[in-house]
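Structure file target.csv (CSV, C-alpha atoms and all ligand atoms) follows.
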chain,number,residue,atom,x,y,z
G,10,MET,CA,-4.2,-7.4,8.2
G,11,LYS,CA,-3.3,-4.2,9.9
G,12,PRO,CA,-6.5,-2.0,10.5
G,13,PRO,CA,-6.5,1.3,8.7
G,14,GLU,CA,-5.3,4.3,10.8
G,15,THR,CA,-8.1,6.3,12.4
G,16,MET,CA,-6.1,9.5,11.8
G,17,ARG,CA,-2.7,10.6,10.6
G,18,TRP,CA,-0.7,13.8,10.4
G,19,GLN,CA,1.0,14.1,7.0
G,20,GLY,CA,4.1,16.2,6.8
G,21,GLY,CA,5.8,18.6,9.3
G,22,ILE,CA,4.5,21.8,10.8
G,23,GLU,CA,3.0,22.8,7.4
G,24,GLY,CA,1.3,19.4,7.1
G,25,GLN,CA,-2.3,18.4,7.3
G,26,LEU,CA,-4.6,16.1,9.3
G,27,GLU,CA,-6.2,13.1,7.6
G,28,LEU,CA,-9.1,11.5,9.2
G,29,LEU,CA,-10.7,8.1,8.2
G,30,ASP,CA,-14.2,9.4,7.5
G,31,GLN,CA,-16.3,7.3,9.9
G,32,THR,CA,-19.6,8.5,8.5
G,33,LEU,CA,-18.8,6.5,5.3
G,34,LEU,CA,-18.0,3.2,7.1
G,35,PRO,CA,-18.3,0.3,6.6
G,36,GLY,CA,-19.1,1.0,2.9
G,37,GLN,CA,-16.2,3.2,2.0
G,38,LEU,CA,-12.7,3.6,3.3
G,39,GLN,CA,-12.0,7.3,2.6
G,40,TYR,CA,-9.7,9.8,4.3
G,41,LEU,CA,-11.0,13.3,4.9
G,42,CYS,CA,-8.2,15.9,4.6
G,43,CYS,CA,-8.4,18.8,7.1
G,44,ARG,CA,-6.3,21.9,6.4
G,45,ASP,CA,-7.7,24.3,8.9
G,46,VAL,CA,-9.4,24.4,12.3
G,47,GLN,CA,-12.9,24.8,11.0
G,48,ALA,CA,-12.5,21.6,9.0
G,49,VAL,CA,-11.5,19.7,12.2
G,50,TRP,CA,-14.4,21.3,14.1
G,51,ASP,CA,-16.9,20.2,11.4
G,52,ALA,CA,-15.4,16.7,11.3
G,53,ILE,CA,-15.8,16.3,15.0
G,54,ARG,CA,-19.3,17.8,14.9
G,55,VAL,CA,-20.6,15.4,12.2
G,56,LEU,CA,-18.8,12.4,13.6
G,57,SER,CA,-16.4,11.9,10.8
G,58,VAL,CA,-14.1,11.4,13.7
G,59,ARG,CA,-15.7,10.3,17.0
G,60,GLY,CA,-15.1,8.5,20.3
G,61,ALA,CA,-13.7,10.3,23.3
G,62,PRO,CA,-9.9,9.8,22.9
G,63,ALA,CA,-10.0,10.2,19.1
G,64,ILE,CA,-11.8,13.6,19.2
G,65,GLY,CA,-9.2,14.8,21.8
G,66,LEU,CA,-6.4,13.7,19.5
G,67,ALA,CA,-8.0,15.3,16.4
G,68,ALA,CA,-8.4,18.6,18.3
G,69,ALA,CA,-4.7,18.5,19.4
G,70,TYR,CA,-3.6,18.1,15.8
G,71,GLY,CA,-6.3,20.7,14.9
G,72,VAL,CA,-4.7,23.5,16.8
G,73,CYS,CA,-1.4,22.8,15.0
G,74,LEU,CA,-3.3,23.7,11.7
G,75,GLY,CA,-4.4,27.0,13.2
G,76,LEU,CA,-0.8,27.9,14.0
G,77,GLN,CA,0.2,27.6,10.4
G,78,THR,CA,-1.3,31.0,9.6
G,79,ALA,CA,-0.6,32.7,12.9
G,80,GLY,CA,2.0,35.4,13.5
G,81,ASP,CA,5.5,34.3,14.6
G,82,SER,CA,5.8,36.0,18.0
G,83,THR,CA,5.3,33.8,21.1
G,84,GLN,CA,2.4,35.9,22.1
G,85,GLN,CA,0.7,35.7,18.7
G,86,LEU,CA,1.1,32.0,18.6
G,87,ARG,CA,-0.3,31.6,22.2
G,88,ASP,CA,-3.3,33.8,21.3
G,89,GLN,CA,-4.1,31.8,18.2
G,90,LEU,CA,-3.8,28.6,20.1
G,91,LYS,CA,-6.1,29.9,22.8
G,92,GLN,CA,-8.7,31.0,20.3
G,93,ASP,CA,-8.6,27.8,18.3
G,94,ALA,CA,-8.7,25.6,21.4
G,95,SER,CA,-11.8,27.4,22.6
G,96,GLN,CA,-13.5,26.9,19.2
G,97,LEU,CA,-12.6,23.2,19.0
G,98,ALA,CA,-13.8,22.6,22.6
G,99,SER,CA,-17.2,23.8,21.5
G,100,SER,CA,-17.6,21.0,18.9
G,101,ARG,CA,-19.0,18.4,21.3
G,102,PRO,CA,-19.8,18.8,25.0
G,103,THR,CA,-19.8,15.4,26.7
G,104,ALA,CA,-16.4,13.7,26.2
G,105,VAL,CA,-13.9,15.3,28.5
G,106,ASN,CA,-10.9,14.0,26.5
G,107,LEU,CA,-11.5,16.9,24.1
G,108,SER,CA,-10.9,19.6,26.7
G,109,TRP,CA,-8.2,17.4,28.4
G,110,ALA,CA,-6.1,17.3,25.1
G,111,LEU,CA,-6.7,21.0,24.4
G,112,GLU,CA,-5.6,22.0,27.9
G,113,ARG,CA,-2.5,19.9,27.5
G,114,MET,CA,-1.6,21.7,24.2
G,115,GLN,CA,-2.2,25.1,25.8
G,116,ALA,CA,0.0,24.2,28.9
G,117,THR,CA,2.7,23.2,26.5
G,118,GLY,CA,2.3,26.4,24.5
G,119,ASN,CA,2.3,28.5,27.6
G,120,ALA,CA,5.5,26.8,28.9
G,121,CYS,CA,7.4,27.2,25.6
G,122,GLN,CA,9.5,30.4,25.3
G,123,LEU,CA,10.5,29.8,21.7
G,124,GLU,CA,8.9,31.6,18.8
G,125,GLY,CA,8.0,31.0,15.1
G,126,ASP,CA,8.5,27.6,13.6
G,127,ALA,CA,10.5,26.3,16.7
G,128,TRP,CA,7.3,27.0,18.8
G,129,ARG,CA,5.1,25.3,16.2
G,130,GLU,CA,7.5,22.2,16.2
G,131,VAL,CA,7.1,21.9,20.0
G,132,LEU,CA,3.3,21.9,19.7
G,133,LEU,CA,3.2,19.4,16.9
G,134,ALA,CA,5.6,17.2,18.9
G,135,GLU,CA,3.1,17.4,21.8
G,136,ALA,CA,0.2,16.3,19.6
G,137,ARG,CA,2.3,13.4,18.3
G,138,GLN,CA,3.2,12.5,21.9
G,139,ILE,CA,-0.5,12.4,22.9
G,140,HIS,CA,-1.1,10.1,19.9
G,141,GLN,CA,1.7,7.8,21.0
G,142,GLU,CA,0.5,7.7,24.6
G,143,ASP,CA,-3.0,6.9,23.4
G,144,GLN,CA,-1.7,3.8,21.6
G,145,GLN,CA,0.2,2.7,24.8
G,146,MET,CA,-2.9,3.4,26.9
G,147,CYS,CA,-5.0,1.2,24.7
G,148,GLN,CA,-2.6,-1.7,25.1
G,149,GLN,CA,-2.5,-1.4,28.9
G,150,ILE,CA,-6.3,-1.2,29.1
G,151,GLY,CA,-6.4,-4.4,27.0
G,152,GLN,CA,-4.0,-6.2,29.3
G,153,HIS,CA,-5.7,-5.1,32.5
G,154,GLY,CA,-9.2,-5.8,31.2
G,155,ALA,CA,-8.4,-9.2,29.9
G,156,SER,CA,-7.5,-10.3,33.4
G,157,LEU,CA,-11.3,-10.0,34.2
G,158,LEU,CA,-12.2,-12.6,31.5
G,159,THR,CA,-10.6,-15.8,32.7
G,160,THR,CA,-12.7,-18.3,30.8
G,161,PRO,CA,-14.1,-18.2,27.3
G,162,THR,CA,-16.8,-15.5,27.7
G,163,ALA,CA,-19.5,-14.1,25.4
G,164,VAL,CA,-19.5,-10.3,25.8
G,165,LEU,CA,-22.0,-7.6,24.9
G,166,THR,CA,-20.7,-4.2,23.9
G,167,HIS,CA,-22.3,-1.0,22.8
G,168,CYS,CA,-21.4,1.8,20.5
G,169,ASN,CA,-17.8,1.8,19.3
G,170,ALA,CA,-14.9,1.9,21.8
G,171,GLY,CA,-12.4,0.4,19.3
G,172,GLY,CA,-9.5,1.5,17.3
G,173,LEU,CA,-11.8,3.9,15.5
G,174,ALA,CA,-12.5,5.7,18.7
G,175,THR,CA,-8.8,6.1,19.8
G,176,GLY,CA,-5.4,6.5,18.3
G,177,GLY,CA,-4.6,2.9,19.2
G,178,GLU,CA,-6.6,-0.4,19.5
G,179,GLY,CA,-9.5,1.0,21.5
G,180,THR,CA,-10.6,0.7,25.1
G,181,ALA,CA,-13.5,-1.7,25.5
G,182,LEU,CA,-12.5,-3.4,22.2
G,183,SER,CA,-8.8,-3.6,23.3
G,184,VAL,CA,-10.0,-5.7,26.2
G,185,LEU,CA,-11.9,-8.0,23.8
G,186,PHE,CA,-9.0,-8.2,21.3
G,187,THR,CA,-6.6,-9.2,24.1
G,188,ALA,CA,-9.1,-11.7,25.6
G,189,HIS,CA,-9.5,-13.1,22.1
G,190,GLN,CA,-5.7,-13.6,21.8
G,191,GLN,CA,-5.7,-15.3,25.1
G,192,GLY,CA,-8.5,-17.7,24.1
G,193,ASN,CA,-11.0,-16.2,26.5
G,194,LEU,CA,-13.5,-14.6,24.1
G,195,ALA,CA,-16.2,-16.9,23.0
G,196,GLU,CA,-18.2,-14.3,21.0
G,197,VAL,CA,-19.1,-10.6,20.9
G,198,PHE,CA,-22.7,-9.4,20.8
G,199,VAL,CA,-22.9,-5.9,19.4
G,200,GLY,CA,-25.8,-3.5,20.0
G,201,GLU,CA,-26.4,-1.6,16.8
G,202,THR,CA,-26.5,1.7,18.7
G,203,ARG,CA,-29.4,3.8,17.4
G,204,PRO,CA,-29.6,6.4,16.0
G,205,LEU,CA,-26.2,6.6,14.3
G,206,LEU,CA,-25.4,2.8,14.3
G,207,GLN,CA,-21.8,3.0,15.6
G,208,GLY,CA,-22.2,-0.6,16.8
G,209,ALA,CA,-23.4,-1.9,13.5
G,210,ARG,CA,-21.3,0.2,11.2
G,211,LEU,CA,-18.1,0.5,13.2
G,212,THR,CA,-17.8,-2.1,16.0
G,213,ALA,CA,-19.1,-5.0,13.9
G,214,TRP,CA,-16.7,-4.0,11.1
G,215,GLU,CA,-13.7,-3.9,13.5
G,216,LEU,CA,-14.5,-7.3,15.0
G,217,THR,CA,-15.3,-9.1,11.8
G,218,GLN,CA,-12.1,-7.7,10.2
G,219,ARG,CA,-10.3,-9.6,12.9
G,220,ASP,CA,-12.3,-12.7,12.4
G,221,ILE,CA,-13.8,-12.5,15.9
G,222,PRO,CA,-17.2,-14.3,16.2
G,223,THR,CA,-19.6,-11.4,16.1
G,224,THR,CA,-23.4,-11.2,16.4
G,225,LEU,CA,-25.2,-8.0,15.7
G,226,ILE,CA,-28.5,-7.2,17.6
G,227,CYS,CA,-30.9,-4.3,17.8
G,228,ASP,CA,-30.5,-2.4,21.0
G,229,SER,CA,-33.9,-3.5,22.2
G,230,MET,CA,-32.8,-7.2,22.1
G,231,ALA,CA,-30.3,-7.0,24.9
G,232,GLY,CA,-32.6,-8.1,27.6
G,233,GLN,CA,-33.7,-11.1,25.7
G,234,VAL,CA,-30.1,-12.0,24.9
G,235,MET,CA,-29.2,-11.8,28.5
G,236,ARG,CA,-32.2,-13.8,29.6
G,237,GLU,CA,-31.3,-16.6,27.1
G,238,GLY,CA,-27.9,-16.7,28.7
G,239,LYS,CA,-26.1,-15.8,25.5
G,240,VAL,CA,-23.7,-13.3,27.1
G,241,GLN,CA,-21.8,-13.5,30.4
G,242,ALA,CA,-20.5,-9.9,30.7
G,243,VAL,CA,-20.9,-6.4,29.3
G,244,VAL,CA,-18.0,-4.2,28.4
G,245,THR,CA,-18.4,-0.6,27.2
G,246,GLY,CA,-16.3,2.6,26.9
G,247,ALA,CA,-16.9,6.0,28.5
G,248,ASP,CA,-17.0,9.6,27.6
G,249,ARG,CA,-16.7,11.2,31.0
G,250,ILE,CA,-16.4,9.7,34.4
G,251,ALA,CA,-17.1,11.7,37.6
G,252,ALA,CA,-15.1,11.5,40.8
G,253,ASN,CA,-17.5,9.0,42.3
G,254,GLY,CA,-17.3,6.7,39.2
G,255,ASP,CA,-20.7,7.8,37.6
G,256,THR,CA,-20.1,7.3,33.9
G,257,ALA,CA,-21.4,9.0,30.8
G,258,ASN,CA,-21.3,6.9,27.6
G,259,LYS,CA,-23.4,6.4,24.5
G,260,ILE,CA,-27.1,6.6,24.9
G,261,GLY,CA,-28.4,3.1,25.9
G,262,THR,CA,-25.5,2.2,28.1
G,263,TYR,CA,-27.5,3.0,31.3
G,264,SER,CA,-30.2,0.6,30.2
G,265,LEU,CA,-27.6,-2.1,29.5
G,266,ALA,CA,-26.2,-1.6,33.0
G,267,LEU,CA,-29.6,-2.0,34.6
G,268,LEU,CA,-30.3,-5.1,32.5
G,269,ALA,CA,-26.9,-6.6,33.4
G,270,ARG,CA,-27.6,-6.0,37.1
G,271,ALA,CA,-31.1,-7.6,36.8
G,272,HIS,CA,-29.4,-10.7,35.2
G,273,GLN,CA,-26.5,-10.8,37.6
G,274,LEU,CA,-24.0,-10.2,34.9
G,275,PRO,CA,-20.8,-8.1,35.4
G,276,PHE,CA,-20.9,-4.6,33.8
G,277,TYR,CA,-17.4,-3.3,33.0
G,278,VAL,CA,-16.3,0.1,31.7
G,279,ALA,CA,-13.0,0.6,30.0
G,280,ALA,CA,-11.5,4.1,29.8
G,281,PRO,CA,-8.2,6.0,30.1
G,282,SER,CA,-7.5,8.4,33.0
G,283,SER,CA,-8.0,11.3,30.5
G,284,THR,CA,-11.7,10.4,30.6
G,285,PHE,CA,-12.1,11.1,34.3
G,286,ASP,CA,-13.3,14.5,35.3
G,287,LEU,CA,-12.4,14.7,39.0
G,288,ALA,CA,-13.8,18.2,39.2
G,289,LEU,CA,-17.3,16.7,39.1
G,290,ALA,CA,-18.4,15.0,42.3
G,291,ASP,CA,-20.9,12.9,40.5
G,292,GLY,CA,-22.6,12.3,37.2
G,293,GLN,CA,-25.3,15.0,37.6
G,294,GLY,CA,-23.0,17.7,36.3
G,295,ILE,CA,-22.0,15.9,33.1
G,296,PRO,CA,-23.2,17.8,30.1
G,297,ILE,CA,-25.3,15.6,27.8
G,298,GLU,CA,-25.1,16.4,24.1
G,299,GLU,CA,-28.5,16.7,22.4
G,300,ARG,CA,-28.3,16.1,18.6
G,301,ASP,CA,-30.4,16.9,15.6
G,302,PRO,CA,-33.9,15.3,15.7
G,303,ALA,CA,-33.3,14.3,12.0
G,304,GLU,CA,-30.9,11.6,13.2
G,305,VAL,CA,-33.9,9.9,14.8
G,306,THR,CA,-36.6,10.6,12.1
G,307,HIS,CA,-34.4,10.4,9.0
G,308,GLY,CA,-31.7,7.9,9.8
G,309,PHE,CA,-29.3,7.7,6.8
G,310,GLY,CA,-31.6,9.7,4.6
G,311,GLN,CA,-34.8,7.6,4.9
G,312,ALA,CA,-37.9,9.1,6.6
G,313,THR,CA,-38.9,6.7,9.4
G,314,ALA,CA,-41.3,8.9,11.3
G,315,PRO,CA,-44.1,11.4,10.6
G,316,GLN,CA,-42.9,14.9,9.7
G,317,GLN,CA,-44.3,16.8,12.7
G,318,VAL,CA,-43.5,14.4,15.5
G,319,LYS,CA,-41.6,15.8,18.5
G,320,VAL,CA,-38.2,14.1,19.0
G,321,TYR,CA,-35.8,13.9,22.0
G,322,ASN,CA,-32.3,12.9,21.0
G,323,PRO,CA,-29.7,12.8,23.8
G,324,ALA,CA,-26.5,11.3,22.6
G,325,PHE,CA,-25.3,10.0,25.9
G,326,ASP,CA,-26.6,8.8,29.3
G,327,VAL,CA,-25.1,8.4,32.8
G,328,THR,CA,-24.7,5.1,34.4
G,329,PRO,CA,-24.5,5.4,38.2
G,330,ALA,CA,-21.3,3.9,39.8
G,331,ALA,CA,-23.3,1.5,41.8
G,332,LEU,CA,-24.2,-0.4,38.6
G,333,ILE,CA,-20.6,-0.6,37.4
G,334,ASP,CA,-18.6,-3.7,38.6
G,335,ALA,CA,-15.2,-2.4,37.6
G,336,ILE,CA,-13.6,0.5,35.6
G,337,ILE,CA,-10.6,-0.7,33.6
G,338,THR,CA,-8.0,2.1,33.1
G,339,GLU,CA,-4.4,2.1,31.8
G,340,GLN,CA,-3.2,2.3,35.4
G,341,GLY,CA,-5.1,-0.7,36.7
G,342,ILE,CA,-8.7,-1.8,37.6
G,343,ILE,CA,-11.0,0.2,39.9
G,344,GLN,CA,-13.2,-2.4,41.7
G,345,PRO,CA,-15.5,-1.7,43.5
G,346,VAL,CA,-16.3,1.7,42.0
G,347,ASN,CA,-16.7,4.6,44.3
G,348,GLN,CA,-15.1,8.0,45.2
G,349,GLN,CA,-12.5,6.4,47.4
G,350,THR,CA,-11.4,3.7,44.9
G,351,VAL,CA,-11.3,6.2,42.0
G,352,ALA,CA,-9.1,8.6,44.1
G,353,ALA,CA,-6.9,5.7,45.3
G,354,LEU,CA,-6.0,4.6,41.7
G,355,LEU,CA,-5.8,8.0,40.0
G,356,LEU,CA,-4.5,10.2,42.8
G,357,GLY,CA,-2.8,7.6,44.9
G,358,SER,CA,-5.0,8.6,47.9
G,359,GLY,CA,-8.2,7.5,49.5
Q,1,LIG,O1,-21.1,9.8,19.7
Q,1,LIG,P1,-19.8,8.9,19.7
Q,1,LIG,O2,-19.8,7.9,18.6
Q,1,LIG,O3,-18.6,9.8,19.8
Q,1,LIG,O4,-19.9,8.2,21.1
Q,1,LIG,C1,-18.8,7.4,21.5
Q,1,LIG,C2,-19.0,6.6,22.7
Q,1,LIG,O5,-19.9,6.7,23.4
Q,1,LIG,C3,-17.8,5.7,23.1
Q,1,LIG,O6,-18.3,4.6,23.8
Q,1,LIG,C4,-16.9,6.4,24.0
Q,1,LIG,O7,-16.5,7.6,23.4
Q,1,LIG,C5,-15.7,5.6,24.3
Q,1,LIG,S1,-14.6,5.5,22.9
Q,1,LIG,C6,-13.1,4.7,23.4

Reformat the file's structure so that it appears as structure tokens.
Amino acid sequence: MKPPETMRWQGGIEGQLELLDQTLLPGQLQYLCCRDVQAVWDAIRVLSVRGAPAIGLAAAYGVCLGLQTAGDSTQQLRDQLKQDASQLASSRPTAVNLSWALERMQATGNACQLEGDAWREVLLAEARQIHQEDQQMCQQIGQHGASLLTTPTAVLTHCNAGGLATGGEGTALSVLFTAHQQGNLAEVFVGETRPLLQGARLTAWELTQRDIPTTLICDSMAGQVMREGKVQAVVTGADRIAANGDTANKIGTYSLALLARAHQLPFYVAAPSSTFDLALADGQGIPIEERDPAEVTHGFGQATAPQQVKVYNPAFDVTPAALIDAIITEQGIIQPVNQQTVAALLLGSG
């Protein structure tokens, strides 16, 4: 069965963006219809659409919605795009794919000398192009990453870096889907990913839909699972990777990398080149989103902590490059991971 599309643009330049509402999964398969920029901003903010490549893609389509009510001169269209891009960029701070996609839309808009609907068509075509490239990128990551799993391997993953987090088959999960096709995936252990349960609700759903042997664990069980020899590798996605390979990903990833090192298990990150922020020398400068304390105290509507308790809720953490055995990109594998090897692959220099 073909998995449902994470997002789709319906119609031409007067069309709308439909997002598979991930806050309702796995219980309900329902599309959220966005007709203006604010609706896309809200959808990103509340995680109806989430995952680094997917929020970049949603934002690229989002600016096309804003253009529908803008004036027709090239300058009016460029001004509207600039304003909407700046609003959408403020929706979530950590994943760099968001500003990457918005900058690409703005560069296209600034280069285009047309006006009116012809200008809008060029921008919509660019958003569609980013979508198409994203699908290709996922496939390439899958191919490259699967070459690291050469015998039937049980893998631990965290959060959701699957089709739901991209416009294609995912990053970390694309590696696992490809390994599965090649007979080299014994089983996937999925950390539930507190507090919003992207692992339990989304990754376990994607894997079981494909009949891949899947075992769900609480995040705190990872050390015991490794100690019992139940997994032989860890593969996760990423939200922003600094020039030296330090990697921000869903909160809990850093702990998994430390545990993997302690148990001498390889720790792999899968991410496209649009997730790299080469302007940042290392992970210290990566902005870490802090979210509503209610996500921790009232998970899915149920009070699970006393009213007055103080809460700290960072949504991401940074794993130092030294704990990462390889970064799998669409352009190839970075291994070992350091400033020279990152530059060599992405810039063709050392
Ligand atoms: O808060 P989320 O669900 O957007 O966090 C997503 C992750 O941390 C993913 O691992 C990351 O974006 C990679 S998605 C291919």

Enumerate, in order of chain and increasing residue number, the residues of segment 147-250 of chain G with an atom no farther than 8 Å from segment 276-283 of chain G, each with its shortest atom pair and distance in Å to one decimal, counting all atoms listed in the file, as a Markdown table.
| residue | atom | partner | partner_atom | distance |
| --- | --- | --- | --- | --- |
| G:Cys147 | CA | G:Pro281 | CA | 7.9 |
| G:Ile150 | CA | G:Ala279 | CA | 7.0 |
| G:Gly154 | CA | G:Ala279 | CA | 7.5 |
| G:Thr180 | CA | G:Ala279 | CA | 5.5 |
| G:Ala181 | CA | G:Ala279 | CA | 5.1 |
| G:Val184 | CA | G:Ala279 | CA | 7.9 |
| G:Ala242 | CA | G:Phe276 | CA | 6.2 |
| G:Val243 | CA | G:Phe276 | CA | 4.8 |
| G:Val244 | CA | G:Tyr277 | CA | 4.7 |
| G:Thr245 | CA | G:Val278 | CA | 5.0 |
| G:Gly246 | CA | G:Ala279 | CA | 4.9 |
| G:Ala247 | CA | G:Ala280 | CA | 5.9 |

Using all atoms listed in the file, which residues sit within 8 Å of segment 314-321 of chain G once same-chain residues fewer than 5 positions away are excluded, as an mmCIF file with C-alpha atoms, in the frame of the given file?
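Ended up saving to around_18.cif:
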data_model
loop_
_atom_site.group_PDB
_atom_site.id
_atom_site.type_symbol
_atom_site.label_atom_id
_atom_site.label_comp_id
_atom_site.auth_asym_id
_atom_site.auth_seq_id
_atom_site.Cartn_x
_atom_site.Cartn_y
_atom_site.Cartn_z
ATOM 1 C CA GLU G 299 -28.500 16.700 22.400
ATOM 2 C CA PRO G 302 -33.900 15.300 15.700
ATOM 3 C CA VAL G 305 -33.900 9.900 14.800
ATOM 4 C CA THR G 306 -36.600 10.600 12.100
ATOM 5 C CA HIS G 307 -34.400 10.400 9.000
#

Polymer residues at most 10 Å from Glu135 of chain G, all atoms listed in the file, same-chain spacing of 2 or more positions, as JSON, numbers by chain: {"G": [69, 70, 73, 110, 113, 114, 117, 118, 129, 130, 131, 132, 133, 137, 138, 139, 140, 141]}

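When only C-alpha atoms and all ligand atoms are used to measure the gap to ligand LIG 1 (chain Q), the shortest distance among G:Ile221, G:Ile337, G:Leu26, G:Ala136 belongs to G:Ile337.
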
Please, which residues have at least one atom within 7 Å of an atom of ligand LIG 1 (chain Q), using all atoms listed in the file, listed as a PyMOL selection string? chain G and resi 56+59-62+104+167-171+174-175+179-181+207+245-248+258-259+280+324-325

Nearby residues (all atoms listed in the file) at most 8 Å from segment 339-346 of chain G, same-chain spacing under 3 positions excluded, as a count of residues only: 22

Counting all atoms listed in the file, note down every residue that has an atom within 9 Å of the point (-19.2, -5.1, 15.7) (file coordinates), as a PDB file with C-alpha atoms, in the frame of the given file.
ATOM      1  CA  THR G 166     -20.700  -4.200  23.900  1.00  0.00           C
ATOM      2  CA  HIS G 167     -22.300  -1.000  22.800  1.00  0.00           C
ATOM      3  CA  CYS G 168     -21.400   1.800  20.500  1.00  0.00           C
ATOM      4  CA  ASN G 169     -17.800   1.800  19.300  1.00  0.00           C
ATOM      5  CA  VAL G 197     -19.100 -10.600  20.900  1.00  0.00           C
ATOM      6  CA  PHE G 198     -22.700  -9.400  20.800  1.00  0.00           C
ATOM      7  CA  VAL G 199     -22.900  -5.900  19.400  1.00  0.00           C
ATOM      8  CA  GLY G 200     -25.800  -3.500  20.000  1.00  0.00           C
ATOM      9  CA  GLU G 201     -26.400  -1.600  16.800  1.00  0.00           C
ATOM     10  CA  GLN G 207     -21.800   3.000  15.600  1.00  0.00           C
ATOM     11  CA  GLY G 208     -22.200  -0.600  16.800  1.00  0.00           C
ATOM     12  CA  ALA G 209     -23.400  -1.900  13.500  1.00  0.00           C
ATOM     13  CA  ARG G 210     -21.300   0.200  11.200  1.00  0.00           C
ATOM     14  CA  LEU G 211     -18.100   0.500  13.200  1.00  0.00           C
ATOM     15  CA  THR G 212     -17.800  -2.100  16.000  1.00  0.00           C
ATOM     16  CA  ALA G 213     -19.100  -5.000  13.900  1.00  0.00           C
ATOM     17  CA  TRP G 214     -16.700  -4.000  11.100  1.00  0.00           C
ATOM     18  CA  GLU G 215     -13.700  -3.900  13.500  1.00  0.00           C
ATOM     19  CA  LEU G 216     -14.500  -7.300  15.000  1.00  0.00           C
ATOM     20  CA  THR G 217     -15.300  -9.100  11.800  1.00  0.00           C
ATOM     21  CA  THR G 223     -19.600 -11.400  16.100  1.00  0.00           C
ATOM     22  CA  THR G 224     -23.400 -11.200  16.400  1.00  0.00           C
ATOM     23  CA  LEU G 225     -25.200  -8.000  15.700  1.00  0.00           C
TER      24      LEU G 225
END

Calculated over all atoms listed in the file, which of the candidates G:Asn347, G:Thr256, G:Ser95, G:Gln85 has the smallest distance to Ile295 of chain G?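 With all atoms listed in the file as the atom set, the closest residue is G:Thr256.
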